[in-house]
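Right, one structure below, let's go through it.
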Amino acid sequence: MLWHSGIIRTVPWKTCTHLSLRTTSAIPFRTVRFYSDQKDSGAKHTTPLSSQEQHGGDTAQQQASPSSAEAPSSTSDGASNHPPKEEMTPLAKHIRDSIKIQGPMSVSHFMRQVLVNPLSGYYMKGDVFGAQGDFVTSPEISQMFGELLGIWFLVQWQNIGKPSKVQIAELGPGRGTLMMDMLRAASRFKEFRNSISGVHLIEASPGLRRVQRERICGIPISEEQADGGSREGITAAVRQDGLPILWHDVFDDLPNECSLIVAHEFFDALPIYKFEKTEEGWRELVVDLEDDPASPYHLRFVLAPGPTQASKAFAEHPAYDHFKPGDRIEISPDSFRVAHEIAKHINKNSGSALIVDYGKDHVQGDTLRGIHKHKFTHVLTQPGNVDLSADVDFEYLRQAADDLVDCHGSITQAHLLHSLGIGARLNMLLAKAAAHQREILIGSYHRLVDPKEMGNVYRVMAMTPRGSPPPIGFEQQPQTETPSKSSKQ
Ligand SMILES: C[S@@+](CC[C@H](N)C(=O)[O-])C[C@H]1O[C@@H](n2cnc3c(N)ncnc32)[C@H](O)[C@@H]1O
């Protein structure tokens with residue numbers, strides 16, 4: 001039996017009332033036909049979207065601030081009564097300055113700035129997770145999640161011949177909770193634990209690196225550091241049991257050694273481009289200045305009037321030929337590149353990878369959303385204060401990898417966790433739990449696996465060396481509920 005009784009870590013997730021995970025359903029920011037003959041407001045190369053389009057046509061915006069989605073109007077004395085513009089964040093100013101000099105910005109560049117700009121990107125602030133933060137993720141909901149993934153990697157280590165040296169790597173470790181729980185599960189299996197040469201964390205945020213070090217190595221964050229502290233990221237630490245923990249800026253810096261790699265809610269944070277099919281072909285949606293006082297935002301989406309480098313490189317592909325005018329697609333070349341690097345690494349060094357995220361096995365159109373304080377927000381509101389994320393196209397990741405490794409899935413999170421014995425693990429924890437912990441444990445279990453919670457929305461893809469046995473959960477690929485890439489969205 002794989003399971004030990006171990007410690008019980010319970011998290012009262014019910015405190016999060018609005019948006020309990022980073023996705024419940026995709027919030028479209030387009031509800032109407034986009035093209036308009038509005039006057040050009042200074043954008044040199046672009047076609048503005050319609051007023052409703054600019055304001056999102058956006059259920060999220062309407063939910064967050066109903067009045068701001070109303071059409072601008074004037075009082076009888078001519079004074080405007082539309083809501084005032086929101087306060088401009090330092091990052092919004094920086095982006096506007098950049099647009100003034102260089103012209104409209106790709107959504108991909110905008111997203112990168114918003115999330116990981118070294119000075120004021122969203123993730124650079126530090127801890128944004130949990131009930132007090134903006135969203136909650138599976139590892140934060142229950143220790144069962146990380147423990148089960150730890151068991152998946154233990155079995156993979158056995159499947160690839162129990163290499164005497166293996167490193168564990170995680171992309172985007174957040175608070176470090178998943179790694180902490182995985183390592184605790186692994187430490188029960190002496191031979192596996194002894195083979196682990198080190199842990200490698202790919203993390204852009206210096207603030208989150210400190211949080212990860214605290215959680216994984218037990219080194220407390222000083223008050224000064226919690227308030228922002230130095231911009232310098234830590235690069236190495238040692239756990240009490242002697243295990244070295246190393247941080248890297250990018251996956252490409254991972255040393256060449258057999259690696260067990262996990263990426264949980266990492267790919268959804270990688271930048272995407274957005275394109276719209278028009279009668280003239282694919283056109284890129286870009287971010288431009290918004291100086292219309294009727295809009296609460298300082299930026300707006302516009303449509304490039306002609307092909308851009310990105311539309312030519314990414315959207316003009318036979319796979320997208322069947323789309324009709326008005327359809328949109330989101331493409332993440334960064335995700336393709338990282339998936340390819342992971343596959344290259346496994347191909348060269350052996351190992352395995354598990355990618356868990358929300359998404360589908362095909363390209364989608366309008367999934368980019370803002371998330372703040374457990375609510376969806378408009379994508380362009382408060383740049384730097386709001387998380388941005390987009391659904392993952394698992395088929396695209398597969399295409400990036402499957403000439404180098406065996407790709408499996410995607411399957412649902414529920415299927416993987418049930419295959420790994422989440423029911424048995426729950427029962428073991430319940431047997432040891434105090435009354436107040438039992439309710440939390442059962443609630444967490446349902447949250448992770450129920451189809452209407454995170455069970456089906458989150459999907460899992462695996463990469464293994466060519467010809468190795470199929471990993472747990474992927475032995476028989478269950479039918480995916482999503483249409484194939486070639487079908488209509
Ligand atoms: C949504 S959080 C997921 C955290 C964690 N995996 C979890 O599930 O709780 C995204 C993580 O990826 C990191 N991240 C985002 N973009 C990144 C990038 N381009 N390079 C490295 N890390 C990045 C963030 O700082 C954060 O740790």
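Simple scheme: letters A, B, ... for chains in structure tokens order, numbers from 1 for residues in each chain, numbers from 1 for ligands in the order shown.
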Counting only C-alpha atoms and all ligand atoms, what are the residues, protein, DNA or RNA alike, that approach ligand 1 to within 6 Å? I want them as an NGL selection string. :A and (123 or 137 or 139 or 172-174 or 202-205 or 264-266 or 269-270)
Could you name the residues that touch Gln382 (chain A) at 10 Å or less, counting only C-alpha atoms, but leaving out those on the same chain fewer than 2 positions away, as a PyMOL selection string? chain A and resi 86-92+114+297-299+370+372+377-380+384-387
Output of the above residues as a compact mmCIF listing (two decimals), in the first residue's frame, restricted to C-alpha atoms:
```txt
# COMPACT_ATOMS: atom_id res chain seq x y z
CA GLU A 86 -9.98 54.28 -12.74
CA GLU A 87 -6.76 55.26 -11.02
CA MET A 88 -3.79 54.68 -13.32
CA THR A 89 -1.37 52.05 -11.98
CA PRO A 90 2.39 52.61 -12.50
CA LEU A 91 2.34 49.71 -14.95
CA ALA A 92 -0.58 51.20 -16.93
CA VAL A 114 1.27 42.67 -16.50
CA TYR A 297 -9.84 52.12 -18.53
CA HIS A 298 -6.64 53.66 -19.83
CA LEU A 299 -6.15 51.00 -22.48
CA GLY A 370 -8.51 39.04 -15.27
CA HIS A 372 -8.78 39.90 -8.60
CA THR A 377 -12.42 41.36 -13.89
CA HIS A 378 -11.91 43.13 -17.20
CA VAL A 379 -8.58 42.17 -18.76
CA LEU A 380 -7.42 45.79 -19.07
CA GLY A 384 -0.18 44.91 -12.38
CA ASN A 385 -2.82 44.53 -9.67
CA VAL A 386 -4.87 41.89 -11.49
CA ASP A 387 -3.90 38.34 -12.44
```
I'd like the neighbourhood of Asp127 (chain A) as a PyMOL selection string, where a residue qualifies if any of its atoms comes within 9 Å (using only C-alpha atoms), though same-chain residues fewer than 6 positions away should be ignored. chain A and resi 133+174-175+207-208+211+226
Between CA of Pro104 (chain A) and CA of Asp291 (chain A) - distance in Å to one decimal: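 Pair CA of Asp291 (chain A) / CA of Pro104 (chain A) returns 13.6 Å.
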Against region 345-360 of chain A, which residues of region 64-183 of chain A fall within 8 Å? For each one I want the closest pair of atoms and the distance in Å (one decimal), counting only C-alpha atoms, rows by chain and increasing residue number, as a Markdown table.
```
| residue | atom | partner | partner_atom | distance |
| --- | --- | --- | --- | --- |
| A:Phe153 | CA | A:Ser352 | CA | 7.8 |
| A:Gln156 | CA | A:Ser352 | CA | 6.9 |
| A:Trp157 | CA | A:Gly351 | CA | 7.4 |
| A:Ile160 | CA | A:Gly351 | CA | 7.1 |
| A:Val166 | CA | A:Gly351 | CA | 7.8 |
```
Can you write just those residues out, N, CA and C atoms, as a CSV table (one decimal), in the first residue's frame?
```csv
chain,number,residue,atom,x,y,z
A,153,PHE,N,4.8,10.5,-9.5
A,153,PHE,CA,6.3,10.6,-9.9
A,153,PHE,C,7.1,9.4,-9.3
A,156,GLN,N,6.5,6.7,-11.7
A,156,GLN,CA,7.2,7.0,-13.0
A,156,GLN,C,8.7,6.7,-12.9
A,157,TRP,N,9.2,7.1,-11.7
A,157,TRP,CA,10.6,6.8,-11.4
A,157,TRP,C,10.9,5.3,-11.5
A,160,ILE,N,10.7,4.2,-15.3
A,160,ILE,CA,11.8,4.5,-16.2
A,160,ILE,C,13.1,3.8,-15.6
A,166,VAL,N,18.1,11.5,-9.7
A,166,VAL,CA,17.0,12.1,-10.4
A,166,VAL,C,16.8,13.5,-9.8
```
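For the pair CA of Phe275 (chain A) and CA of Leu303 (chain A), the interatomic distance is 8.5 Å.
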Just checking: using only C-alpha atoms, which residue out of A:Lys190, A:Arg300, A:Arg398, A:Lys162 ends up closest to Ala339 (chain A)?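 Checking each candidate against Ala339 (chain A), we get A:Arg398 as the closest.
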For each of A:Gly242, A:Gly176, A:Pro465, A:Pro383, take the minimum atom-to-atom distance to Ala401 (chain A), counting only C-alpha atoms, then give the residue where this is smallest.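 Looking at the shortest contact to Ala401 (chain A), the residue is A:Pro465.
Every protein, DNA or RNA residue with an atom at most 7 Å from Pro271 (chain A), where only C-alpha atoms count and chain neighbours fewer than 4 positions away do not, is listed here: Ser108, Met111, Arg112, Ser332 and Asp334 of chain A.
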Write out the residues from the selection above, keeping C-alpha atoms, as an mmCIF file, in the first residue's frame.
```cif
data_model
loop_
_atom_site.group_PDB
_atom_site.id
_atom_site.type_symbol
_atom_site.label_atom_id
_atom_site.label_comp_id
_atom_site.auth_asym_id
_atom_site.auth_seq_id
_atom_site.Cartn_x
_atom_site.Cartn_y
_atom_site.Cartn_z
ATOM 1 C CA SER A 108 1.290 38.710 -25.604
ATOM 2 C CA MET A 111 0.306 39.960 -20.669
ATOM 3 C CA ARG A 112 4.024 39.486 -20.033
ATOM 4 C CA SER A 332 0.647 30.914 -26.977
ATOM 5 C CA ASP A 334 5.695 30.748 -25.335
#
```
Could you pull out all residues of region 302-406 of chain A with a DSSP call of helix (DSSP H, G or I) and give them as an NGL selection string? :A and (309-315 or 318-320 or 333-349 or 394-401)
Compile the contact shell of Gly423 (chain A) as JSON, numbers by chain: residues with an atom at most 12 Å away, counting only C-alpha atoms, same-chain residues fewer than 5 positions apart removed. {"A": [3, 144, 145, 148, 414, 415, 416, 417, 418, 428, 429, 430, 441, 442, 444, 445, 446, 448, 449]}
One decimal place gives the CA of Lys277 (chain A)-CA of Phe323 (chain A) separation as 6.9 Å
Within 10 Å of Arg239 (chain A) using only C-alpha atoms, minus same-chain residues under 5 positions, as a ChimeraX atom specification: /A:198-199,213-214,216-219,244-245
Can you spit out the residues from that selection as an mmCIF file, in the first residue's frame, using C-alpha atoms?
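File produced: again.cif:
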```
data_model
loop_
_atom_site.group_PDB
_atom_site.id
_atom_site.type_symbol
_atom_site.label_atom_id
_atom_site.label_comp_id
_atom_site.auth_asym_id
_atom_site.auth_seq_id
_atom_site.Cartn_x
_atom_site.Cartn_y
_atom_site.Cartn_z
ATOM 1 C CA GLY A 198 17.978 18.216 -5.829
ATOM 2 C CA VAL A 199 14.862 20.276 -6.409
ATOM 3 C CA ARG A 213 11.986 28.896 0.548
ATOM 4 C CA GLU A 214 10.019 29.461 3.735
ATOM 5 C CA ILE A 216 10.044 24.102 1.581
ATOM 6 C CA CYS A 217 13.137 24.857 3.718
ATOM 7 C CA GLY A 218 11.552 26.441 6.800
ATOM 8 C CA ILE A 219 13.591 29.667 6.464
ATOM 9 C CA PRO A 244 19.490 21.267 -2.196
ATOM 10 C CA ILE A 245 16.802 23.605 -3.559
#
```
Set the distance at 10 Å and use only C-alpha atoms: which residues neighbour Ala462 (chain A) once local chain neighbours fewer than 4 positions away are removed? I'd like the list as a list of chain:residue names.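 Those residues are A:Ile261, A:Val262, A:Ser352, A:Ala353, A:Leu354, A:Ile355, A:Val356, A:Arg398, A:Val405, A:Asp406, A:Cys407, A:His408, A:Gly409, A:Ser410, A:Ile411, A:Pro470, A:Pro471, A:Ile472, A:Gly473, A:Phe474.
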Residues from last step as file, N, CA and C atoms, as a CSV table (one decimal), in the first residue's frame:
```
chain,number,residue,atom,x,y,z
A,261,ILE,N,9.3,16.4,-13.8
A,261,ILE,CA,8.9,17.8,-13.9
A,261,ILE,C,7.4,18.0,-13.8
A,262,VAL,N,7.1,19.0,-13.0
A,262,VAL,CA,5.6,19.2,-12.8
A,262,VAL,C,5.4,20.7,-13.1
A,352,SER,N,10.2,12.4,-16.7
A,352,SER,CA,8.8,12.5,-17.0
A,352,SER,C,8.2,13.8,-16.7
A,353,ALA,N,7.1,14.2,-17.3
A,353,ALA,CA,6.5,15.5,-16.9
A,353,ALA,C,5.0,15.4,-16.8
A,354,LEU,N,4.5,16.2,-15.9
A,354,LEU,CA,3.0,16.2,-15.7
A,354,LEU,C,2.6,17.7,-15.8
A,355,ILE,N,1.7,18.0,-16.7
A,355,ILE,CA,1.2,19.3,-16.8
A,355,ILE,C,-0.3,19.3,-16.4
A,356,VAL,N,-0.6,20.1,-15.4
A,356,VAL,CA,-2.0,20.2,-14.9
A,356,VAL,C,-2.5,21.7,-15.1
A,398,ARG,N,1.0,19.2,-27.2
A,398,ARG,CA,1.3,17.9,-27.7
A,398,ARG,C,2.1,18.1,-29.0
A,405,VAL,N,9.0,12.8,-27.4
A,405,VAL,CA,8.6,12.0,-26.2
A,405,VAL,C,7.2,11.4,-26.5
A,406,ASP,N,6.8,10.4,-25.7
A,406,ASP,CA,5.4,10.0,-25.7
A,406,ASP,C,4.5,11.0,-25.0
A,407,CYS,N,3.5,11.4,-25.6
A,407,CYS,CA,2.6,12.4,-24.9
A,407,CYS,C,1.3,11.6,-24.6
A,408,HIS,N,0.8,11.9,-23.4
A,408,HIS,CA,-0.4,11.2,-22.9
A,408,HIS,C,-1.5,12.2,-22.5
A,409,GLY,N,-2.7,11.9,-22.8
A,409,GLY,CA,-3.8,12.9,-22.4
A,409,GLY,C,-4.0,13.9,-23.5
A,410,SER,N,-4.9,14.9,-23.1
A,410,SER,CA,-5.2,15.2,-21.7
A,410,SER,C,-6.3,14.4,-21.2
A,411,ILE,N,-6.3,14.1,-19.8
A,411,ILE,CA,-7.3,13.5,-19.1
A,411,ILE,C,-7.8,14.5,-18.1
A,470,PRO,N,2.9,3.0,-20.0
A,470,PRO,CA,2.0,4.1,-19.9
A,470,PRO,C,1.9,4.5,-18.4
A,471,PRO,N,1.9,5.8,-18.1
A,471,PRO,CA,1.8,6.2,-16.7
A,471,PRO,C,0.5,6.0,-16.1
A,472,ILE,N,0.4,6.0,-14.7
A,472,ILE,CA,-0.8,5.8,-14.0
A,472,ILE,C,-1.8,6.9,-14.5
A,473,GLY,N,-3.0,6.4,-14.7
A,473,GLY,CA,-4.1,7.3,-15.1
A,473,GLY,C,-4.3,7.5,-16.6
A,474,PHE,N,-3.2,7.1,-17.3
A,474,PHE,CA,-3.2,7.3,-18.8
A,474,PHE,C,-3.2,6.0,-19.5
```
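Between Pro84 (chain A) and the residues A:Thr412, A:Gln364, A:Pro296, A:Lys432, the shortest atom-to-atom distance, using only C-alpha atoms, involves A:Pro296.
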Per-residue DSSP, region 127-302 of chain A, filtered to strand (DSSP E), as an NGL selection string: :A and (166-171 or 196-202 or 236-238 or 244-248 or 259-264 or 273-278 or 281-289 or 299-302)
